[in-house]
Structures are given as C-alpha cells and as structure tokens.
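Presented below is the structure to which this report refers.
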Amino acid sequence: MFTRFANPQRFVGLARWLTPVFGWGAVIVLTIGLWQALIASPTEVEHGDTVRIMYVHVPAAWCAMAAYSSIALASLISFVWRHPIADLAARSLALPGAAFTALALITGSLWGKPDWGTYWQWDGRMTSVLILLFIYIGYMTIWQVIEDRKRASRLAAITAMIGWVNIPIIKFSVEWWNSLHQSATISQPGAPGLAPELLTPLLLMAFGYTLLLGWLTMRGMLSEIAQARAARKPAPAATARVEAL
Amino acid sequence: MMGAILKRDLQLAARGTSGTGLSLAFMALFVLLCGLALGGSRPDLGPGLLWLAATLSALLGLDRLYQPDQETGALAQMHLSGASGLAIATAKSLSFAITGLAPLIIATPLLALLLGMDGPAIIGTILSLIIGAPAITAYASVTAAILAAQRGSGVLAVILTAPLLIPVLIFGTEAANTFASEGIAAVQFRILAGLSFIAVALGTPATVAALAANRGPA
Amino acid sequence: MTPRYNIRLNVQDLTLSRGDQTLISDLTLALGPGQALWLTGPNGIGKTTLLLACAGLLTPDSGTAQWIQQDSELSSREALAYAAHRGPERSGLTLGEELAFWQSLNGDSLSLEERLTSVGLAGRTKTPVIGLSAGQRRRLSLARLMASDRAAWLMDEPLAGLDTDGRALVTSTLSRHLTDGGMALIASHQPVPINGVEALKLVLEPGA
C-alpha cells in the first residue's frame with residue numbers, strides 16, 4: 001500500500017472514489033451530529049445550554065491536533081522516502097488543519113465568556129492551541145515563499161517535524177507557567193462528566209469533523225496534482241551533440 | 001574545517017557585516033521603549049523584558065547567518081571543499097552565539113539598570129540567558145538554514161522561531177525571577193538547561209538537513 | 001612519469017530540469033583523464049545546470065553522473081572543484097583572508113603568497129574582495145581551483161572579464177592541469193584555447 005500509492009496516477013484513482021465518500025459522509029454524519037448536539041441532547045447541570053458549544057469546540061481541537069500530527073507523520077515519510085503523495089498530503093492538510101485550529105480557538109473563546117466570564121483565559125490548553133495556530137502559519141508560509149517545489153517540500157517537512165516534537169514541550173511549559181501565574185479557574189471547561197447522551201453527539205461530531213478534514217485534504221491533493229499536470233510543459237529539451245575539437 | 005569556517009565568520013563580523021551593532025542598538029531601543037511605555041523603571045518586569053529584548057534582537061539578525069553564503073555559493077563551495085554539514089552548522093552556530101548573542105548578554109546589565117533592577121535579578125537574568133543561549137542558537141540556526149535561500153525573510157524567521165522559543169522564554173524568565181530566592185540550583189535553571197540540550201540535539205541535525213536541502217543553485 | 005590524476009566521468013541517461021521545464025534529456029557521455037569538454041549553447045539552454053548536476057549540487061530528474069577513480073566510485077566532492085560564474089568571490093573579506101580560507105579548507109600545499117603569485121595577484125593580500133575587478137575575481141576563482149587539488153575542474157565562463165594576460169593564464173593553467181591527467185568541464189560562450197590536449201565540444205541546441 002505504501003509504495004503502491006507513490007504513483008500519483010494510482011492515487012488519483014483511489015482519491016476520485018474516496019473523496020465523495022468523505023464529502024457525503026461528512027454531510028450525513030455532521031447533520032445527525034448537529035441535530036443531536038444542538039437539539040436532542042439534554043442540557044448539562046453545571047454549564048446549561050452553553051455546553052452545546054462543546055460539541056463544536058472539542059472535536060475541532062482534536063482535529064487541529066490530529067491534522068498537525070498527520071502533517072508531521074506525512075512529512076517524515078516524505079523526508080525519508082521522498083514519497084510524493086505523503087508530500088502532497090502534508091501540504092494539503094495544512095490549510096484545513098489551520099482552519100480547525102482557528103475554529104477551536106473561536107468556539108473556545110465563545111464558550112469561555114459565559115463559563116469563565118472572559119473571552120480569553122491564559123489556560124495551558126487554550127494557549128497551546130493558539131501557539132499551534134502560529135506553527136501552522138509558519139509551516140504554510142514556508143510552502144508559499146519557497147518557489148522550488150522539491151526544495152520547499154524538504155524544508156517544509158523539516159519545519160513540520162521540528163514543530164511536532166516541540167508541541168508537547170510547549171504544552172508542558174505553558175501549563176507550568178499557568179500554574180504559577182493563574183489563580184485556579186472557576187470551572188475548567190473540558191469534557192464534563194461524560195454521560196452517554198453527551199458522549200454520543202460528541203463522538204458523532206468528532207467523526208464528522210474527521211470526514212470533513214479528509215474531504216478537504218483529498219480535494220486539496222487532487223487539485224494540486226491537476227495543477228502540477230497543467231504546469232508541466234511538454235519538453236522541448238535541448239539536443240546535445242558531442243564533437244571533437 | 002570548523003575552525004576555519006568560524007575564523008572566517010569572525011573576520012567578517014570584525015568587518016562589521018554581521019549586524020551585531022544593529023542588534024545591540026535594537027535591543028537597547030526596545031528596552032528604552034518598554035520603559036517609556038510602561039512608565040519608567042519596572043524591576044518586576046525586568047527579567048521578562050530583557051529576555052524578550054535579547055531574543056527578538058538576536059532573531060532580527062538571523063538572515064545574516066547563512067543567507068549571504070548561500071547566495072554567493074560559498075556554502076556549496078565549503079561542501080565541495082570537504083566541509084561536512086555538521087562542521088558548517090556547528091561553526092555557524094558558534095559564530096552566531098559569539099557575534100549575535102554574546103554581545104546582547106554582555107549589554108544586559110546596563111539595560112537592567114535602565115529598568116531599575118537590583119543585583120540578584122541582574123545576575124539571575126544573565127545566568128538564565130547564558131544557560132538558554134544554546135537553545136536560542138540552535139533554533140535560530142534551524143530557521144536561518146531553512147530560509148537560507150530566501151531574501152528578506154526577517155519577519156518570517158521570527159514567526160518560525162518564536163513558537164519554538166516559548167518554553168525557553170518561559171523557563172528563562174522564571175529562572176531569572178527565582179534566582180534571588182533559590183539561586184542557581186532552582187529547578188527552573190535545570191529545566192532551562194534541559195531545554196537547551198533538547199534544542200541542540202534537535203536543531204543540529206535539522207540544520208544539517210536544511211542546508212543539504214538548500215544546496216544547489218541559489 | 002605517471003600522471004598526477006586519474007579520473008573518469010560517466011554521464012548516463014541524465015535528464016535535468018529547471019522548474020517545470022525539461023532542459024536536457026537522456027544525455028550520455030564519458031570523459032577520461034586529460035580530456036576537456038567545452039559546453040556551448042545559447043543562454044538558458046542548461047549549461048550551468050549540467051555543471052551543477054555533475055558537481056552533485058543538483059539532483060537530476062533521472063540518470064546519473066558518476067566520478068570514477070581507478071575503478072572505484074568517487075563522491076563528487078572528492079572528485080572536483082567548481083568555479084561558478086558568480087562564485088563566493090564577493091565576501092566582505094580581503095583577498096588574502098578569502099584565499100587563505102579556501103586554502104585551509106582544501107589543505108593547499110602552497111603558501112598564500114605563492115598561490116597569489118601563481119595567478120598574478122601577488123602583493124594584493126590586503127585588497128578587499130568587494131573591490132576586485134571582474135577579471136581579478138576570475139583569477140581568485142582560478143586560484144581556488146588550483147588550491148583544491150581536485151582532479152576535475154568545472155568552470156562556468158572562466159574567461160569572462162579577463163584581459164589577454166588573464167586568458168593566457170587560464171590557457172596555461174588548464175593545459176598543465178590536463179597534462180597532469182586532470183579533467184575539465186568548461187561552460188563558455190567563447191572557445192577556451194587549450195594546448196596539446198584532447199578536447200571535446202558538447203553543443204547544446206534548442207530542441208524542436
């Protein structure tokens with residue numbers, strides 16, 4: 001499977017089939033998930049109706065992290081084995097990943113207002129997600145500024161891997177810092193005691209987000225392949241002739 | 001090998017092409033502006049401000065680390081002349097530490113006076129900067145190597161490096177803050193040293209890889 | 001007397017591109033000790049790209065360029081020295097510091113003064129590299145090649161900016177290097193006269 005899909009042609013065959021599955025899957029699962037999350041599920045004792053933000057927020061944060069880890073993994077594969085599809089995957093995951101990171105931050109902040117009384121809390125988790133957004137921005141900028149495609153893919157891969165190794169260190173540092181500088185927060189929003197009726201919509205939403213991430217990434221990869229094809233000029237290579245002088 | 005490359009860099013720095021003076025001026029200006037914006041002497045914020053000033057000023061000069069030698073092809077020539085990537089990365093990192101970072105650390109006590117800091121706080125800040133210097137150097141070197149072929153990438157260099165330096169910044173300032181009460185044995189100093197160690201272990205191979213990826217036509 | 005160098009270059013099915021443009025496809029050629037190859041062709045045809053690929057500084061799309069010494073393969077960095085069209089001869093150092101650096105990297109057997117004298121730059125140790133003329137830069141670049149003690153010399157426009165004396169210097173230096181069993185790949189718009197050695201010409205022309 002690994003070497004089999006090193007060939008973009010084969011990959012396109014698979015992606016043509018898989019992309020709509022992801023796309024429609026995301027529509028269906030997210031519809032059910034949202035209905036469950038926003039209408040069918042009960043309100044939570046401690047948080048009231050604001051708990052519903054959780055169903056949008058928590059899976060977004062999960063996906064943001066999962067997307068970055070996937071970028072790091074794909075970068076490793078691209079760096080070590082020069083696997084062209086891994087390279088494409090890493091590149092195409094970045095924008096959706098950054099979008100999920102931003103979504104996690106915005107929804108987190110909206111959830112923070114009623115629960116914490118403030119839009120921003122220097123809480124370890126939230127601060128780390130904001131830093132993750134900057135890591136995404138740096139990674140995407142590398143792709144943008146380096147014109148030579150091969151070079152960009154290697155340098156972006158190095159950037160992604162270094163960033164990934166650093167994320168746990170950053171998280172540890174920020175949490176440590178937070179424990180020194182913040183008085184204990186009133187209530188730590190996060191997954192509240194997960195009753196099954198809360199867990200089901202949460203997992204549905206997470207699954208839906210993952211499908212959405214997959215769909216966006218696949219579309220990105222397909223359009224990259226199409227662009228690369230359009231850009232490749234039929235080669236009027238030079239003719240070479242050796243003569244004695 | 002390494003010695004020759006380092007010597008060349010120091011010679012270039014002595015000619016004033018390494019931007020040490022500019023970084024120093026920026027650092028001093030930054031502290032001056034902080035003082036003005038925050039209402040004069042702020043000894044409580046001193047270590048944090050000095051850490052910020054030193055890191056940002058050091059990162060400003062990043063595009064002088066590999067970029068000129070990449071552009072003229074000197075890096076490729078060093079490679080062809082038999083210099084290993086490790087020798088180049090080490091020599092350049094040392095040169096950055098000596099010409100880019102050391103002058104800033106030396107200027108720290110003077111700027112600390114500007115912020116009204118007392119003796120222990122100043123010593124704590126200097127010590128924490130020295131212990132954190134390998135980490136700053138290592139990540140600076142990675143970013144500079146990644147952007148070696150990019151002209152005018154100063155801001156991008158800061159954006160790429162800063163997230164990696166957040167742990168160093170956090171533990172560096174905390175170490176400086178606790179120095180007065182707990183001395184050099186404070187756990188913050190030990191964690192800071194650990195961070196420096198990780199950064200060098202991670203940054204060196206990454207720098208070598210980035211230089212290899214950037215080899216070839218400018 | 002056995003020649004000083006013994007080097008062969010085997011280029012096999014080499015395909016090179018710049019961006020999305022294929023420049024050279026499936027080039028095969030072989031060079032032996034004492035041979036020079038003169039690369040000619042219009043601007044942008046891929047002369048420099050070919051030199052870079054032979055120098056191992058550029059990964060070809062496909063194919064190989066192998067350096068062989070006494071039946072064993074040599075890495076490009078052991079085999080050759082490369083004088084770029086616009087090389088590192090633009091640093092903020094003085095001529096002496098710059099050349100001394102490359103000498104120490106390559107373990108040159110001559111002293112700085114001797115090396116400078118050999119390219120007609122004697123007594124200019126203190127001149128800043130920035131202040132050198134194009135021709136003087138070429139001479140410095142030539143000095144760097146000579147200091148490298150590598151069997152193969154890759155030269156990009158070695159005659160650009162040189163006066164009559166300079167051209168004669170390149171000719172005599174190259175001829176000596178080739179009679180020592182060395183090899184040279186020279187990309188140049190003007191013919192590089194070389195005495196008493198076998199030279200080949202690689203003509204690159206726009207494809208149909």
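Residue numbering restarts at 1 in every chain; chains get A, B, ... in the order shown in the structure tokens, and ligands count up from 1 in that same order.
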Contacts from chain C to chain A, 8 Å maximum, only C-alpha atoms: show me the residue list as a list in words.
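Taking only C-alpha atoms into account, Gly19, Asp20, Gln21, Thr22, Leu23, Ile24, Ser25, Leu27, Ile45, Glu198, Ala199, Leu200, Lys201, Leu202, Val203, Leu204, Glu205, Pro206, Gly207 and Ala208 of chain C sit within 8 Å of chain A.
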Near-stretch 170-180 of chain C list (9 Å; only C-alpha atoms; drop same-chain fewer than 5 positions) as a ChimeraX atom specification:
/C:2-6,33-36,119,139,142,146,151-153,158-159,165,192-198
Write out as JSON, numbers by chain each polymer residue whose atoms come within 12 Å of C:Leu51, counting only C-alpha atoms; drop sequence neighbours fewer than 4 positions from it.
{"B": [216, 217], "C": [11, 14, 16, 24, 37, 38, 39, 40, 46, 47, 55, 56, 57, 58, 59, 60, 65, 76, 80, 81, 82, 83, 84, 85, 152, 153, 154, 155, 156, 157, 184, 185, 186, 187, 188]}
Output N, CA, C and O atoms for every residue in the selection just made, as a CSV table (one decimal), in the first residue's frame.
chain,number,residue,atom,x,y,z
B,216,GLY,N,22.8,23.5,-3.9
B,216,GLY,CA,22.4,23.6,-5.3
B,216,GLY,C,22.2,25.1,-5.7
B,216,GLY,O,22.5,26.0,-4.9
B,217,PRO,N,21.6,25.3,-6.9
B,217,PRO,CA,21.6,26.7,-7.4
B,217,PRO,C,20.8,27.6,-6.5
B,217,PRO,O,19.8,27.2,-5.9
C,11,VAL,N,28.5,9.9,-17.6
C,11,VAL,CA,27.2,10.5,-17.5
C,11,VAL,C,26.2,9.6,-18.2
C,11,VAL,O,26.5,9.2,-19.4
C,14,LEU,N,21.2,11.2,-18.4
C,14,LEU,CA,20.9,12.3,-17.5
C,14,LEU,C,19.8,13.1,-18.0
C,14,LEU,O,19.8,13.6,-19.1
C,16,LEU,N,17.6,16.6,-16.9
C,16,LEU,CA,17.7,17.7,-16.0
C,16,LEU,C,16.6,18.7,-16.3
C,16,LEU,O,16.2,18.8,-17.5
C,24,ILE,N,17.5,19.2,-20.4
C,24,ILE,CA,18.4,18.2,-21.1
C,24,ILE,C,17.7,16.8,-20.8
C,24,ILE,O,17.4,16.5,-19.7
C,37,LEU,N,36.0,19.1,-21.8
C,37,LEU,CA,34.8,19.2,-22.5
C,37,LEU,C,34.3,20.6,-22.5
C,37,LEU,O,34.2,21.2,-21.4
C,38,TRP,N,34.1,21.1,-23.7
C,38,TRP,CA,33.7,22.5,-23.8
C,38,TRP,C,32.2,22.5,-24.1
C,38,TRP,O,31.7,22.0,-25.1
C,39,LEU,N,31.4,23.1,-23.2
C,39,LEU,CA,30.0,23.1,-23.3
C,39,LEU,C,29.6,24.5,-24.0
C,39,LEU,O,29.9,25.5,-23.4
C,40,THR,N,28.9,24.4,-25.1
C,40,THR,CA,28.4,25.6,-25.7
C,40,THR,C,26.9,25.6,-26.0
C,40,THR,O,26.3,24.5,-26.0
C,46,GLY,N,20.9,25.3,-20.5
C,46,GLY,CA,21.2,24.3,-19.4
C,46,GLY,C,22.6,23.9,-19.2
C,46,GLY,O,23.0,22.9,-18.6
C,47,LYS,N,23.5,24.8,-19.6
C,47,LYS,CA,25.0,24.5,-19.4
C,47,LYS,C,25.3,24.5,-17.9
C,47,LYS,O,25.9,23.6,-17.5
C,55,ALA,N,28.5,18.3,-10.6
C,55,ALA,CA,29.1,18.6,-9.3
C,55,ALA,C,28.4,18.0,-8.2
C,55,ALA,O,28.8,18.2,-7.0
C,56,GLY,N,27.2,17.4,-8.4
C,56,GLY,CA,26.4,16.8,-7.3
C,56,GLY,C,25.7,17.8,-6.5
C,56,GLY,O,25.2,17.6,-5.5
C,57,LEU,N,25.6,19.1,-7.1
C,57,LEU,CA,24.9,20.1,-6.3
C,57,LEU,C,23.4,20.2,-6.7
C,57,LEU,O,22.6,21.0,-6.2
C,58,LEU,N,23.0,19.4,-7.7
C,58,LEU,CA,21.7,19.4,-8.2
C,58,LEU,C,21.3,17.9,-8.4
C,58,LEU,O,22.0,17.2,-9.1
C,59,THR,N,20.1,17.6,-7.9
C,59,THR,CA,19.7,16.2,-8.1
C,59,THR,C,19.0,16.1,-9.5
C,59,THR,O,18.0,16.8,-9.8
C,60,PRO,N,19.5,15.2,-10.4
C,60,PRO,CA,18.9,15.1,-11.7
C,60,PRO,C,17.5,14.4,-11.6
C,60,PRO,O,17.2,13.7,-10.6
C,65,ALA,N,25.5,10.9,-12.9
C,65,ALA,CA,26.8,11.4,-13.3
C,65,ALA,C,27.7,10.8,-12.3
C,65,ALA,O,27.7,11.2,-11.1
C,76,SER,N,31.3,13.3,-5.6
C,76,SER,CA,31.6,14.5,-6.5
C,76,SER,C,32.5,15.4,-5.7
C,76,SER,O,33.4,16.0,-6.3
C,80,LEU,N,36.0,16.8,-7.6
C,80,LEU,CA,36.1,18.0,-8.4
C,80,LEU,C,36.1,19.3,-7.6
C,80,LEU,O,35.8,19.3,-6.4
C,81,ALA,N,36.5,20.3,-8.3
C,81,ALA,CA,36.4,21.7,-7.8
C,81,ALA,C,35.5,22.5,-8.8
C,81,ALA,O,35.6,22.2,-10.0
C,82,TYR,N,34.8,23.4,-8.3
C,82,TYR,CA,33.8,24.1,-9.2
C,82,TYR,C,34.0,25.6,-9.1
C,82,TYR,O,34.0,26.1,-8.0
C,83,ALA,N,34.2,26.2,-10.2
C,83,ALA,CA,34.3,27.7,-10.2
C,83,ALA,C,33.0,28.2,-10.9
C,83,ALA,O,32.8,28.1,-12.1
C,84,ALA,N,32.1,28.7,-10.1
C,84,ALA,CA,30.8,29.2,-10.6
C,84,ALA,C,31.0,30.5,-11.4
C,84,ALA,O,32.1,31.1,-11.3
C,85,HIS,N,30.0,30.8,-12.2
C,85,HIS,CA,30.1,32.0,-12.9
C,85,HIS,C,30.2,33.2,-12.0
C,85,HIS,O,31.0,34.1,-12.1
C,152,ALA,N,39.1,17.0,-11.2
C,152,ALA,CA,38.2,17.5,-12.2
C,152,ALA,C,37.9,19.0,-11.9
C,152,ALA,O,37.6,19.3,-10.7
C,153,TRP,N,38.0,19.8,-12.9
C,153,TRP,CA,37.7,21.2,-12.7
C,153,TRP,C,36.4,21.5,-13.5
C,153,TRP,O,36.3,21.3,-14.7
C,154,LEU,N,35.4,22.1,-12.8
C,154,LEU,CA,34.2,22.5,-13.5
C,154,LEU,C,34.2,24.0,-13.5
C,154,LEU,O,34.3,24.7,-12.5
C,155,MET,N,34.2,24.6,-14.7
C,155,MET,CA,34.3,26.0,-14.8
C,155,MET,C,33.2,26.7,-15.6
C,155,MET,O,32.9,26.2,-16.7
C,156,ASP,N,32.6,27.7,-15.0
C,156,ASP,CA,31.5,28.3,-15.7
C,156,ASP,C,32.0,29.7,-16.1
C,156,ASP,O,32.3,30.6,-15.3
C,157,GLU,N,32.0,29.9,-17.4
C,157,GLU,CA,32.5,31.2,-18.0
C,157,GLU,C,33.9,31.6,-17.4
C,157,GLU,O,34.0,32.7,-16.9
C,184,ALA,N,38.5,18.7,-17.3
C,184,ALA,CA,37.9,19.9,-17.2
C,184,ALA,C,36.6,20.0,-17.9
C,184,ALA,O,36.5,19.4,-19.1
C,185,LEU,N,35.5,20.5,-17.3
C,185,LEU,CA,34.3,20.7,-18.0
C,185,LEU,C,34.1,22.3,-18.0
C,185,LEU,O,34.1,22.9,-16.9
C,186,ILE,N,34.0,22.8,-19.1
C,186,ILE,CA,34.0,24.3,-19.2
C,186,ILE,C,32.8,24.8,-20.0
C,186,ILE,O,32.6,24.4,-21.1
C,187,ALA,N,32.0,25.5,-19.3
C,187,ALA,CA,30.8,26.1,-20.0
C,187,ALA,C,31.3,27.5,-20.4
C,187,ALA,O,31.7,28.3,-19.5
C,188,SER,N,31.2,27.8,-21.6
C,188,SER,CA,31.7,29.1,-22.1
C,188,SER,C,31.1,29.5,-23.4
C,188,SER,O,30.9,28.6,-24.3
Strand (DSSP E or B) call set, DSSP backbone run, stretch 4-245 of chain A, as a PyMOL selection string:
chain A and resi 44+48+238-244
Which residues of chain B have any atom within 9 Å of an atom in chain A when counting only C-alpha atoms, and what is the closest pair of atoms for each, with the distance in Å to one decimal? Order the rows by chain and rising number and write it as a tab-separated table.
residue	atom	partner	partner_atom	distance
B:Val142	CA	A:Thr159	CA	8.6
B:Thr143	CA	A:Thr159	CA	8.3
B:Ile146	CA	A:Leu155	CA	5.9
B:Leu147	CA	A:Ile142	CA	8.3
B:Ala149	CA	A:Ile146	CA	8.2
B:Gln150	CA	A:Ile146	CA	7.3
B:Leu156	CA	A:Gly138	CA	7.3
B:Ala157	CA	A:Gly138	CA	8.9
B:Ile159	CA	A:Gly138	CA	6.3
B:Leu160	CA	A:Gly138	CA	5.2
B:Thr161	CA	A:Gly138	CA	8.9
B:Pro163	CA	A:Ile131	CA	6.3
B:Leu164	CA	A:Asn166	CA	6.5
B:Leu165	CA	A:Ile170	CA	8.7
B:Ile166	CA	A:Ile170	CA	6.6
B:Pro167	CA	A:Ser173	CA	5.3
B:Val168	CA	A:Ser173	CA	8.5
B:Ile170	CA	A:Ser173	CA	6.8
B:Phe171	CA	A:Ser173	CA	7.5
B:Glu174	CA	A:Trp177	CA	8.4
B:Leu195	CA	A:Ile169	CA	8.7
B:Leu202	CA	A:Ile162	CA	7.4
B:Gly203	CA	A:Ile162	CA	8.0
B:Ala206	CA	A:Ile158	CA	6.5
B:Thr207	CA	A:Ile158	CA	8.9
B:Ala209	CA	A:Ile158	CA	7.7
B:Ala210	CA	A:Leu155	CA	6.0
B:Ala213	CA	A:Arg151	CA	5.9
B:Asn214	CA	A:Arg151	CA	6.6
Counting only C-alpha atoms, which residues of chain B come no farther than 12 Å from chain C, as a short mmCIF file (atom, residue, chain, number, x, y, z; two decimals) with N, CA and C atoms, in the first residue's frame?
data_model
loop_
_atom_site.label_atom_id
_atom_site.label_comp_id
_atom_site.auth_asym_id
_atom_site.auth_seq_id
_atom_site.Cartn_x
_atom_site.Cartn_y
_atom_site.Cartn_z
N MET B 1 38.61 22.30 9.75
CA MET B 1 37.43 22.66 8.95
C MET B 1 36.57 23.69 9.68
N MET B 2 36.06 23.19 10.84
CA MET B 2 35.16 24.01 11.63
C MET B 2 35.84 25.31 12.05
N GLY B 3 37.10 25.13 12.48
CA GLY B 3 37.86 26.29 12.93
C GLY B 3 38.01 27.33 11.83
N ALA B 4 38.29 26.85 10.62
CA ALA B 4 38.49 27.77 9.50
C ALA B 4 37.20 28.53 9.20
N ILE B 5 36.08 27.81 9.23
CA ILE B 5 34.80 28.48 8.92
C ILE B 5 34.46 29.50 10.01
N LEU B 6 34.69 29.10 11.26
CA LEU B 6 34.41 30.02 12.36
C LEU B 6 35.29 31.26 12.26
N LYS B 7 36.57 31.03 11.95
CA LYS B 7 37.51 32.14 11.84
C LYS B 7 37.04 33.12 10.75
N ARG B 8 36.61 32.55 9.62
CA ARG B 8 36.15 33.39 8.52
C ARG B 8 34.95 34.23 8.96
N ASP B 9 34.03 33.60 9.69
CA ASP B 9 32.85 34.33 10.15
C ASP B 9 33.22 35.45 11.12
N LEU B 10 34.18 35.16 11.98
CA LEU B 10 34.59 36.18 12.94
C LEU B 10 35.31 37.33 12.22
N GLN B 11 36.09 36.96 11.20
CA GLN B 11 36.73 38.01 10.40
C GLN B 11 35.68 38.90 9.74
N LEU B 12 34.66 38.25 9.19
CA LEU B 12 33.59 39.01 8.55
C LEU B 12 32.88 39.91 9.58
N ALA B 13 32.66 39.34 10.77
CA ALA B 13 31.99 40.12 11.82
C ALA B 13 32.84 41.33 12.20
N ALA B 14 34.17 41.12 12.23
CA ALA B 14 35.06 42.22 12.58
C ALA B 14 34.98 43.33 11.54
N ARG B 15 34.60 42.96 10.30
CA ARG B 15 34.42 43.96 9.25
C ARG B 15 33.06 44.66 9.37
N GLY B 16 32.29 44.24 10.37
CA GLY B 16 31.01 44.91 10.60
C GLY B 16 29.89 44.46 9.70
N THR B 17 30.01 43.27 9.11
CA THR B 17 28.94 42.84 8.20
C THR B 17 27.95 41.91 8.89
N SER B 18 28.17 41.62 10.18
CA SER B 18 27.30 40.62 10.81
C SER B 18 26.09 41.23 11.49
N PRO B 68 23.86 35.09 3.23
CA PRO B 68 24.88 35.63 2.31
C PRO B 68 25.74 34.53 1.69
N ASP B 69 26.13 33.54 2.49
CA ASP B 69 26.98 32.47 1.97
C ASP B 69 26.22 31.53 1.05
N GLN B 70 24.91 31.45 1.26
CA GLN B 70 24.09 30.66 0.34
C GLN B 70 24.03 31.37 -1.01
N GLU B 71 23.81 32.68 -0.94
CA GLU B 71 23.63 33.46 -2.15
C GLU B 71 24.89 33.47 -3.03
N THR B 72 26.06 33.59 -2.40
CA THR B 72 27.29 33.63 -3.20
C THR B 72 27.76 32.24 -3.58
N GLY B 73 27.10 31.22 -3.04
CA GLY B 73 27.54 29.86 -3.33
C GLY B 73 28.67 29.41 -2.42
N ALA B 74 29.03 30.23 -1.43
CA ALA B 74 30.13 29.86 -0.54
C ALA B 74 29.79 28.58 0.23
N LEU B 75 28.51 28.42 0.62
CA LEU B 75 28.13 27.21 1.36
C LEU B 75 28.34 25.97 0.50
N ALA B 76 27.93 26.06 -0.77
CA ALA B 76 28.13 24.93 -1.68
C ALA B 76 29.62 24.65 -1.85
N GLN B 77 30.42 25.72 -1.95
CA GLN B 77 31.86 25.55 -2.11
C GLN B 77 32.49 24.92 -0.88
N MET B 78 32.01 25.31 0.30
CA MET B 78 32.53 24.70 1.52
C MET B 78 32.24 23.20 1.49
N HIS B 79 31.03 22.87 1.07
CA HIS B 79 30.64 21.46 0.96
C HIS B 79 31.56 20.74 0.00
N LEU B 80 31.79 21.35 -1.18
CA LEU B 80 32.65 20.70 -2.17
C LEU B 80 34.10 20.62 -1.68
N SER B 81 34.48 21.57 -0.84
CA SER B 81 35.84 21.55 -0.33
C SER B 81 36.01 20.52 0.78
N GLY B 82 34.95 19.79 1.08
CA GLY B 82 35.07 18.70 2.04
C GLY B 82 34.53 19.01 3.42
N ALA B 83 34.00 20.23 3.64
CA ALA B 83 33.44 20.53 4.95
C ALA B 83 32.13 19.77 5.13
N SER B 84 31.98 19.07 6.25
CA SER B 84 30.74 18.34 6.48
C SER B 84 29.65 19.32 6.89
N ALA B 87 30.08 20.27 10.43
CA ALA B 87 31.11 21.27 10.69
C ALA B 87 30.59 22.66 10.36
N ILE B 88 29.89 22.77 9.22
CA ILE B 88 29.36 24.07 8.83
C ILE B 88 28.34 24.56 9.85
N LEU B 211 20.36 22.65 5.35
CA LEU B 211 21.46 23.13 4.49
C LEU B 211 21.60 22.21 3.27
N ALA B 212 21.45 20.92 3.50
CA ALA B 212 21.55 19.97 2.38
C ALA B 212 20.42 20.22 1.39
N ALA B 213 19.21 20.48 1.91
CA ALA B 213 18.08 20.72 1.01
C ALA B 213 18.28 22.01 0.22
N ASN B 214 18.98 22.96 0.80
CA ASN B 214 19.18 24.24 0.13
C ASN B 214 20.40 24.27 -0.78
N ARG B 215 21.15 23.17 -0.77
CA ARG B 215 22.35 23.16 -1.61
C ARG B 215 21.90 23.21 -3.07
N GLY B 216 22.81 23.54 -3.95
CA GLY B 216 22.38 23.63 -5.33
C GLY B 216 22.16 25.07 -5.70
N PRO B 217 21.63 25.31 -6.88
CA PRO B 217 21.59 26.67 -7.41
C PRO B 217 20.81 27.59 -6.49
N ALA B 218 21.30 28.78 -6.30
CA ALA B 218 20.64 29.74 -5.40
C ALA B 218 19.32 30.19 -6.00
#
How far is it from atom CA of C:Ser62 to atom CA of C:Leu31, in Å with one decimal?
19.7 Å
Taken to one decimal, the atom CA of A:Pro114-atom CA of A:Ile32 distance is 26.2 Å
Counting only C-alpha atoms, the residue of B:Ile131, B:Gly85, B:Ile126, B:Pro120 that sits nearest B:Glu182:
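Checking each candidate against B:Glu182, we get B:Pro120 as the closest.
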Straight-line distance linking atom CA of A:Ala61 with atom CA of A:Arg91, stated in Å to one decimal:
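A separation of 19.5 Å between them.
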